[in-house]
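Novice: If you scroll down you'll find the structure; I have some questions about it.
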Amino acid sequence: MMPSPASLVVLVAFTLAGCTEPTSPSATSPNAPTRANLAVADNSTFPVTFSMAGGTCGLTSTVTATGVYHLLSRVSETRTGGLRIAFSETAHGTATGADGSQYRFSYAANYTVLDIDDPTTLPIVLDVVDHFNLIGQGQAPDVKVFLKRQFLYDGTLPLTPIGDPVIRGGLACDPI
């Protein structure tokens, strides 16, 4: 599940604060600008745990999971001189059902703040792609969730959804 709007605002602010001295990528594609254009603002990992109640999301018993969460945020300059801010989040680990069932889980989310000409000016558009998979071993059921949507941040919360989302699985079944 997408982080709370408040945490996204903090991440955007943190990322913008961290982009004062970008460094060049180690290898550039032929289309990439030749000047320094990329900075890693945050690259951190930490433990993640969650529980999903039995009787929800197709699960027959409560499932408890542990794993590792990785957050990477980057700032890059567009060809027109604007900024692109991107957050990549991944998590993976194992889970066990109260009935002894076994699972592996993976999570991947990418959030891109699109086309910022002036990072101090609002509104901004956030493009979100979010995947969560809890894959049962043996006869244990699978849970799969996907979201793709854009949101507008105009300085107020909550974020305003833009357009029609693409959703597969129930968003309430994404515990991360």
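Convention: chains lettered A, B, ... in structure tokens order; per-chain residue numbering from 1; ligands numbered from 1 as shown.
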Within 8 Å of range 84-92 of chain A, counting only C-alpha atoms, which residues qualify if same-chain residues fewer than 5 places away don't, as a list of chain:residue names?
Specialist: A:Val12, A:Thr15, A:Val48, A:Gly67, A:Val68, A:Tyr69, A:His70, A:Leu71, A:Leu72, A:Ser73, A:Arg74, A:Val75, A:Ser76, A:Glu77, A:Thr78, A:Arg104, A:Phe105, A:Ser106, A:Tyr107, A:Ala108, A:Ala109, A:Asn110, A:Tyr111, A:Thr112, A:Val113, A:Leu114, A:Asp115, A:Ile116
Novice: Those residues with C-alpha atoms, as a PDB file, in the first residue's frame please?
Specialist:
```pdb
ATOM      1  CA  VAL A  12       9.796  14.725  -1.128  1.00  0.00           C
ATOM      2  CA  THR A  15      14.847  14.333  -1.292  1.00  0.00           C
ATOM      3  CA  VAL A  48       9.611  -4.988   8.187  1.00  0.00           C
ATOM      4  CA  GLY A  67      11.560  -9.385   6.107  1.00  0.00           C
ATOM      5  CA  VAL A  68      13.754  -6.562   4.889  1.00  0.00           C
ATOM      6  CA  TYR A  69      12.515  -3.242   3.480  1.00  0.00           C
ATOM      7  CA  HIS A  70      14.684  -1.148   1.137  1.00  0.00           C
ATOM      8  CA  LEU A  71      14.062   2.522   0.288  1.00  0.00           C
ATOM      9  CA  LEU A  72      15.959   4.331  -2.451  1.00  0.00           C
ATOM     10  CA  SER A  73      15.230   7.892  -3.529  1.00  0.00           C
ATOM     11  CA  ARG A  74      16.870   9.675  -6.430  1.00  0.00           C
ATOM     12  CA  VAL A  75      16.793  13.127  -7.963  1.00  0.00           C
ATOM     13  CA  SER A  76      17.680  13.714 -11.604  1.00  0.00           C
ATOM     14  CA  GLU A  77      17.560  16.634 -13.972  1.00  0.00           C
ATOM     15  CA  THR A  78      15.328  16.435 -17.050  1.00  0.00           C
ATOM     16  CA  ARG A 104       7.149 -15.812   0.704  1.00  0.00           C
ATOM     17  CA  PHE A 105       6.325 -12.164   0.121  1.00  0.00           C
ATOM     18  CA  SER A 106       7.604  -9.430  -2.151  1.00  0.00           C
ATOM     19  CA  TYR A 107       6.705  -5.783  -2.423  1.00  0.00           C
ATOM     20  CA  ALA A 108       7.779  -3.220  -4.997  1.00  0.00           C
ATOM     21  CA  ALA A 109       6.620   0.349  -5.343  1.00  0.00           C
ATOM     22  CA  ASN A 110       7.847   3.164  -7.529  1.00  0.00           C
ATOM     23  CA  TYR A 111       6.765   6.749  -6.962  1.00  0.00           C
ATOM     24  CA  THR A 112       7.849   9.402  -9.408  1.00  0.00           C
ATOM     25  CA  VAL A 113       7.262  13.107  -8.938  1.00  0.00           C
ATOM     26  CA  LEU A 114       6.777  14.227 -12.511  1.00  0.00           C
ATOM     27  CA  ASP A 115       8.311  17.255 -14.202  1.00  0.00           C
ATOM     28  CA  ILE A 116       9.151  19.714 -11.459  1.00  0.00           C
TER      29      ILE A 116
END
```
Novice: Which residues of range 56-123 of chain A come within 12 Å of range 159-171 of chain A, and what is each one's closest atom pair and distance in Å (one decimal), counting only C-alpha atoms, sorted by chain and residue number, as a Markdown table?
Specialist:
```
| residue | atom | partner | partner_atom | distance |
| --- | --- | --- | --- | --- |
| A:Thr56 | CA | A:Gly170 | CA | 10.2 |
| A:Cys57 | CA | A:Gly170 | CA | 7.5 |
| A:Gly58 | CA | A:Gly170 | CA | 10.5 |
| A:Pro123 | CA | A:Leu159 | CA | 10.6 |
```
Novice: List every residue of range 32-125 of chain A that DSSP, applied to the backbone, labels as strand (DSSP E or B), and write the result as a PyMOL selection string.
Specialist: chain A and resi 38-52+63-77+83-97+102-116+124-125
Novice: One decimal, in Å: what's the spacing between CA of Thr49 in chain A and CA of Tyr153 in chain A?
Specialist: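 The value is 28.9 Å.
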Novice: So which one's closest to Asp99 in chain A, A:Leu134, A:Ala65, A:Ala140, A:Val129? Using only C-alpha atoms, please.
Specialist: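 Between A:Leu134, A:Ala65, A:Ala140, A:Val129, the residue approaching Asp99 in chain A most closely is A:Ala140.
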Novice: Determine the nearest neighbour of Val63 in chain A from the options A:Tyr103, A:Phe146, A:Phe132, A:Phe46, counting only C-alpha atoms.
Specialist: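 Closest residue, counting only C-alpha atoms: A:Tyr103.
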Novice: Closest to Gln139 in chain A among A:Asp118, A:Leu152, A:Thr60, A:Leu157, using only C-alpha atoms?
Specialist: A:Thr60
